[in-house]
Amino acid sequence: MGLHVWAAILVMLSNAVTAEYTPGDFVPTARKGQFHGTRTQWHDVLGRHCPRFAIDRTVAMPIPRPVGYLGDEEYKLSLSFEGERHITEWMTVLPGQRKMSESSWKPTIVNVHMDHTAGHVRSVRAQLTPIPDAYYQSHKEELSQIANASHWPKHVIVRYTWSEVVEVNSLGGMNFLLGTGAAMMGLVLYIVVKANHEKIAKLVQELADDEDKEEEKDD
């Protein structure tokens, strides 16, 4: 394999490692389920249900009926982002058919908050909270089907929110302080020289006269 081929491969790998998101880009997402002591494999989430970089959005994520799931046990969900780089804790999104049949039971919403800096996802946090009343209207059909034992897939409402984290560059900060210090020192010297211009000129002249006298003695 020629050197130019290896160079091209290295460039491609470098671009892959340092790739940055732009606002609106889809962030790769996968889901995993847990029930009755069993865990499923990671399953890729379709783009329309994934978070979009730096953009808040809410989606109704479908959960197909897992093989072996009887319906009366808790179903827990975990999400991963960027190929398991960020993984959430287990969240009980389906408490079991008996629990969901109770009139007092209300669906929950998965709140996923993501921090980003300079085109990169820095951290992910997720938690379950009671679903706001407004979502009952915008996702009325999906929510009404959750308690239906025979209807699959179930839909879990997921809300993605973002915050930008500004990182302080310590090296840049040090360079700024050094530059500022040098500028201040230069300004102080300028003020001192300007205030004592006549004295300094007189001193320089006296030094020059002394040198001339020394030269005359040597002659």
# chains A, B, ... in the order shown; residues from 1 in each chain; ligands from 1
>>> residues_around(residues="Ile55 (chain A)", least_positions_apart="5", cutoff="10 Å", atoms="only C-alpha atoms", output="mmCIF file with N, CA, C and O atoms, in the first residue's frame")
data_model
loop_
_atom_site.group_PDB
_atom_site.id
_atom_site.type_symbol
_atom_site.label_atom_id
_atom_site.label_comp_id
_atom_site.auth_asym_id
_atom_site.auth_seq_id
_atom_site.Cartn_x
_atom_site.Cartn_y
_atom_site.Cartn_z
ATOM 1 N N PRO A 23 -25.388 22.934 14.648
ATOM 2 C CA PRO A 23 -26.771 22.936 15.127
ATOM 3 C C PRO A 23 -27.726 22.262 14.149
ATOM 4 O O PRO A 23 -27.728 22.560 12.952
ATOM 5 N N GLY A 24 -28.505 21.324 14.671
ATOM 6 C CA GLY A 24 -29.470 20.607 13.849
ATOM 7 C C GLY A 24 -29.019 19.227 13.432
ATOM 8 O O GLY A 24 -29.838 18.431 12.956
ATOM 9 N N ASP A 25 -27.712 18.921 13.574
ATOM 10 C CA ASP A 25 -27.232 17.581 13.226
ATOM 11 C C ASP A 25 -27.846 16.535 14.162
ATOM 12 O O ASP A 25 -28.009 16.787 15.359
ATOM 13 N N PHE A 26 -28.142 15.360 13.617
ATOM 14 C CA PHE A 26 -28.659 14.276 14.439
ATOM 15 C C PHE A 26 -27.527 13.657 15.269
ATOM 16 O O PHE A 26 -26.435 13.405 14.748
ATOM 17 N N TYR A 160 -35.779 16.416 24.666
ATOM 18 C CA TYR A 160 -34.348 16.730 24.632
ATOM 19 C C TYR A 160 -34.157 18.236 24.828
ATOM 20 O O TYR A 160 -34.747 19.034 24.100
ATOM 21 N N THR A 161 -33.321 18.596 25.776
ATOM 22 C CA THR A 161 -32.972 20.005 25.983
ATOM 23 C C THR A 161 -31.457 20.135 26.019
ATOM 24 O O THR A 161 -30.743 19.184 26.356
ATOM 25 N N TRP A 162 -30.983 21.333 25.667
ATOM 26 C CA TRP A 162 -29.546 21.567 25.537
ATOM 27 C C TRP A 162 -29.094 22.801 26.308
ATOM 28 O O TRP A 162 -29.850 23.763 26.461
ATOM 29 N N SER A 163 -27.847 22.758 26.766
ATOM 30 C CA SER A 163 -27.197 23.929 27.362
ATOM 31 C C SER A 163 -25.768 23.999 26.839
ATOM 32 O O SER A 163 -25.085 22.971 26.730
#
>>> residues_around(residues="Asp44 (chain A)", least_positions_apart="3", cutoff="12 Å", atoms="only C-alpha atoms", output="PyMOL selection string")
chain A and resi 27-32+41+47-50+61-63+79-84
>>> atom_distance(atom1="CA of Tyr69 (chain A)", atom2="CA of Tyr136 (chain A)")
26.5 Å
>>> residues_around(residues="region 101-109 of chain A", least_positions_apart="5", cutoff="8 Å", atoms="only C-alpha atoms", output="list in words")
Val93, Leu128, Thr129, Pro130, Ile131, Leu143, Ala147, Val156, Ile157, Val158 and Arg159 of chain A
>>> closest_residue(among="A:Gln137, A:Thr58, A:Thr117, A:Ser123", to="Thr88 (chain A)", atoms="only C-alpha atoms")
A:Ser123
>>> atom_distance(atom1="CA of Ala149 (chain A)", atom2="CA of Pro64 (chain A)")
12.7 Å
>>> atom_distance(atom1="CA of Val165 (chain A)", atom2="CA of Phe53 (chain A)")
13.6 Å
>>> closest_residue(among="A:Glu89, A:Asp115, A:Glu73, A:Asp133", to="Asp56 (chain A)", atoms="only C-alpha atoms")
A:Asp115
>>> residues_around(residues="Glu164 (chain A)", least_positions_apart="3", cutoff="10 Å", atoms="only C-alpha atoms", output="list in words")
Ala54, Met114, Asp115, His116, Thr117, Ala118, Gly119, His120, Val121, Arg122 and Glu167 of chain A
>>> select_by_dssp(residues="region 18-150 of chain A", states="helix (DSSP H, G or I)", output="PyMOL selection string")
chain A and resi 47-49+97-100+133-138+140-144
>>> write_last_selection(atoms="all heavy atoms", output="compact mmCIF listing (two decimals), in the first residue's frame")
# COMPACT_ATOMS: atom_id res chain seq x y z
N GLY A 47 -33.62 8.40 13.04
CA GLY A 47 -33.22 9.80 13.12
C GLY A 47 -34.31 10.73 13.63
O GLY A 47 -34.04 11.67 14.38
N ARG A 48 -35.56 10.48 13.26
CA ARG A 48 -36.63 11.39 13.67
C ARG A 48 -36.93 11.31 15.17
O ARG A 48 -37.67 12.15 15.69
CB ARG A 48 -37.90 11.12 12.87
CG ARG A 48 -38.49 9.73 13.03
CD ARG A 48 -39.81 9.64 12.27
NE ARG A 48 -40.40 8.32 12.28
CZ ARG A 48 -40.18 7.39 11.37
NH1 ARG A 48 -39.36 7.66 10.36
NH2 ARG A 48 -40.75 6.21 11.44
N HIS A 49 -36.35 10.31 15.84
CA HIS A 49 -36.54 10.19 17.29
C HIS A 49 -35.26 10.52 18.06
O HIS A 49 -35.24 10.44 19.29
CB HIS A 49 -36.99 8.77 17.65
CG HIS A 49 -38.24 8.36 16.96
ND1 HIS A 49 -38.36 7.16 16.27
CD2 HIS A 49 -39.45 8.99 16.83
CE1 HIS A 49 -39.58 7.07 15.76
NE2 HIS A 49 -40.25 8.18 16.07
N GLN A 97 -48.83 -3.60 33.24
CA GLN A 97 -50.20 -3.40 32.78
C GLN A 97 -51.16 -3.15 33.93
O GLN A 97 -52.08 -2.34 33.83
CB GLN A 97 -50.66 -4.61 31.97
CG GLN A 97 -51.86 -4.33 31.08
CD GLN A 97 -51.59 -3.23 30.08
OE1 GLN A 97 -50.56 -3.21 29.41
NE2 GLN A 97 -52.51 -2.28 29.96
N ARG A 98 -51.00 -3.85 35.04
CA ARG A 98 -51.91 -3.67 36.18
C ARG A 98 -51.82 -2.26 36.72
O ARG A 98 -52.84 -1.63 37.00
CB ARG A 98 -51.56 -4.69 37.27
CG ARG A 98 -52.50 -4.65 38.47
CD ARG A 98 -52.13 -5.71 39.48
NE ARG A 98 -52.13 -7.05 38.88
CZ ARG A 98 -51.75 -8.15 39.53
NH1 ARG A 98 -51.29 -8.06 40.77
NH2 ARG A 98 -51.81 -9.32 38.92
N LYS A 99 -50.60 -1.77 36.87
CA LYS A 99 -50.40 -0.41 37.37
C LYS A 99 -50.97 0.62 36.40
O LYS A 99 -51.62 1.60 36.81
CB LYS A 99 -48.91 -0.16 37.60
CG LYS A 99 -48.57 1.23 38.12
CD LYS A 99 -49.01 1.41 39.56
CE LYS A 99 -48.55 2.75 40.10
NZ LYS A 99 -49.01 2.97 41.50
N MET A 100 -50.75 0.39 35.10
CA MET A 100 -51.20 1.36 34.10
C MET A 100 -52.73 1.36 33.95
O MET A 100 -53.29 2.30 33.40
CB MET A 100 -50.54 1.07 32.75
CG MET A 100 -49.04 1.36 32.75
SD MET A 100 -48.28 1.24 31.09
CE MET A 100 -48.51 -0.50 30.74
N ASP A 133 -49.34 18.79 31.26
CA ASP A 133 -50.67 18.69 30.67
C ASP A 133 -50.67 19.01 29.17
O ASP A 133 -51.44 18.44 28.40
CB ASP A 133 -51.64 19.63 31.39
CG ASP A 133 -51.90 19.19 32.82
OD1 ASP A 133 -51.69 17.99 33.11
OD2 ASP A 133 -52.30 20.03 33.65
N ALA A 134 -49.79 19.93 28.77
CA ALA A 134 -49.76 20.34 27.36
C ALA A 134 -49.45 19.17 26.43
O ALA A 134 -49.93 19.12 25.29
CB ALA A 134 -48.73 21.44 27.16
N TYR A 135 -48.71 18.19 26.92
CA TYR A 135 -48.32 17.07 26.06
C TYR A 135 -49.47 16.08 25.85
O TYR A 135 -49.42 15.27 24.93
CB TYR A 135 -47.11 16.35 26.65
CG TYR A 135 -45.83 17.16 26.51
CD1 TYR A 135 -45.44 18.06 27.50
CD2 TYR A 135 -45.01 17.03 25.40
CE1 TYR A 135 -44.29 18.81 27.38
CE2 TYR A 135 -43.86 17.77 25.26
CZ TYR A 135 -43.50 18.66 26.26
OH TYR A 135 -42.36 19.40 26.13
N TYR A 136 -50.47 16.15 26.70
CA TYR A 136 -51.62 15.27 26.50
C TYR A 136 -52.36 15.63 25.21
O TYR A 136 -53.01 14.79 24.59
CB TYR A 136 -52.58 15.37 27.69
CG TYR A 136 -52.13 14.54 28.88
CD1 TYR A 136 -51.45 15.12 29.92
CD2 TYR A 136 -52.40 13.17 28.94
CE1 TYR A 136 -51.04 14.37 31.02
CE2 TYR A 136 -51.98 12.41 30.02
CZ TYR A 136 -51.31 13.02 31.06
OH TYR A 136 -50.90 12.26 32.13
N GLN A 137 -52.28 16.88 24.82
CA GLN A 137 -52.93 17.31 23.59
C GLN A 137 -52.07 17.02 22.36
O GLN A 137 -52.55 16.51 21.35
CB GLN A 137 -53.25 18.81 23.66
CG GLN A 137 -54.24 19.16 24.77
CD GLN A 137 -55.58 18.46 24.58
OE1 GLN A 137 -56.08 18.31 23.45
NE2 GLN A 137 -56.19 18.02 25.68
N SER A 138 -50.77 17.34 22.46
CA SER A 138 -49.88 17.16 21.31
C SER A 138 -49.55 15.69 21.05
O SER A 138 -49.18 15.31 19.93
CB SER A 138 -48.59 17.95 21.50
OG SER A 138 -47.94 17.57 22.70
N LYS A 140 -51.75 13.04 22.18
CA LYS A 140 -52.95 12.40 22.72
C LYS A 140 -53.08 10.94 22.29
O LYS A 140 -53.37 10.06 23.11
CB LYS A 140 -54.19 13.20 22.29
CG LYS A 140 -55.48 12.70 22.90
CD LYS A 140 -56.63 13.60 22.48
CE LYS A 140 -57.94 13.12 23.09
NZ LYS A 140 -59.08 14.01 22.70
N GLU A 141 -52.86 10.66 21.02
CA GLU A 141 -53.04 9.30 20.52
C GLU A 141 -52.04 8.34 21.13
O GLU A 141 -52.41 7.25 21.60
CB GLU A 141 -52.91 9.29 19.00
CG GLU A 141 -53.15 7.92 18.38
CD GLU A 141 -53.07 7.95 16.86
OE1 GLU A 141 -52.88 9.05 16.30
OE2 GLU A 141 -53.19 6.88 16.25
N GLU A 142 -50.76 8.73 21.13
CA GLU A 142 -49.73 7.84 21.67
C GLU A 142 -49.95 7.55 23.15
O GLU A 142 -49.80 6.41 23.61
CB GLU A 142 -48.34 8.46 21.47
CG GLU A 142 -47.90 8.56 20.02
CD GLU A 142 -48.28 9.89 19.41
OE1 GLU A 142 -49.18 10.55 19.96
OE2 GLU A 142 -47.70 10.26 18.36
N LEU A 143 -50.32 8.58 23.91
CA LEU A 143 -50.51 8.40 25.35
C LEU A 143 -51.74 7.55 25.67
O LEU A 143 -51.75 6.79 26.63
CB LEU A 143 -50.62 9.77 26.04
CG LEU A 143 -49.33 10.61 26.02
CD1 LEU A 143 -49.60 12.00 26.58
CD2 LEU A 143 -48.23 9.93 26.81
N SER A 144 -52.78 7.68 24.85
CA SER A 144 -53.99 6.90 25.09
C SER A 144 -53.78 5.41 24.82
O SER A 144 -54.52 4.56 25.33
CB SER A 144 -55.14 7.43 24.22
OG SER A 144 -54.85 7.23 22.84
>>> select_by_dssp(residues="region 31-210 of chain A", states="strand (DSSP E)", output="VMD selection string")
chain A and resid 31 to 35 38 to 39 43 to 44 57 to 63 75 to 81 86 to 87 91 to 94 108 to 117 120 to 130 154 to 164
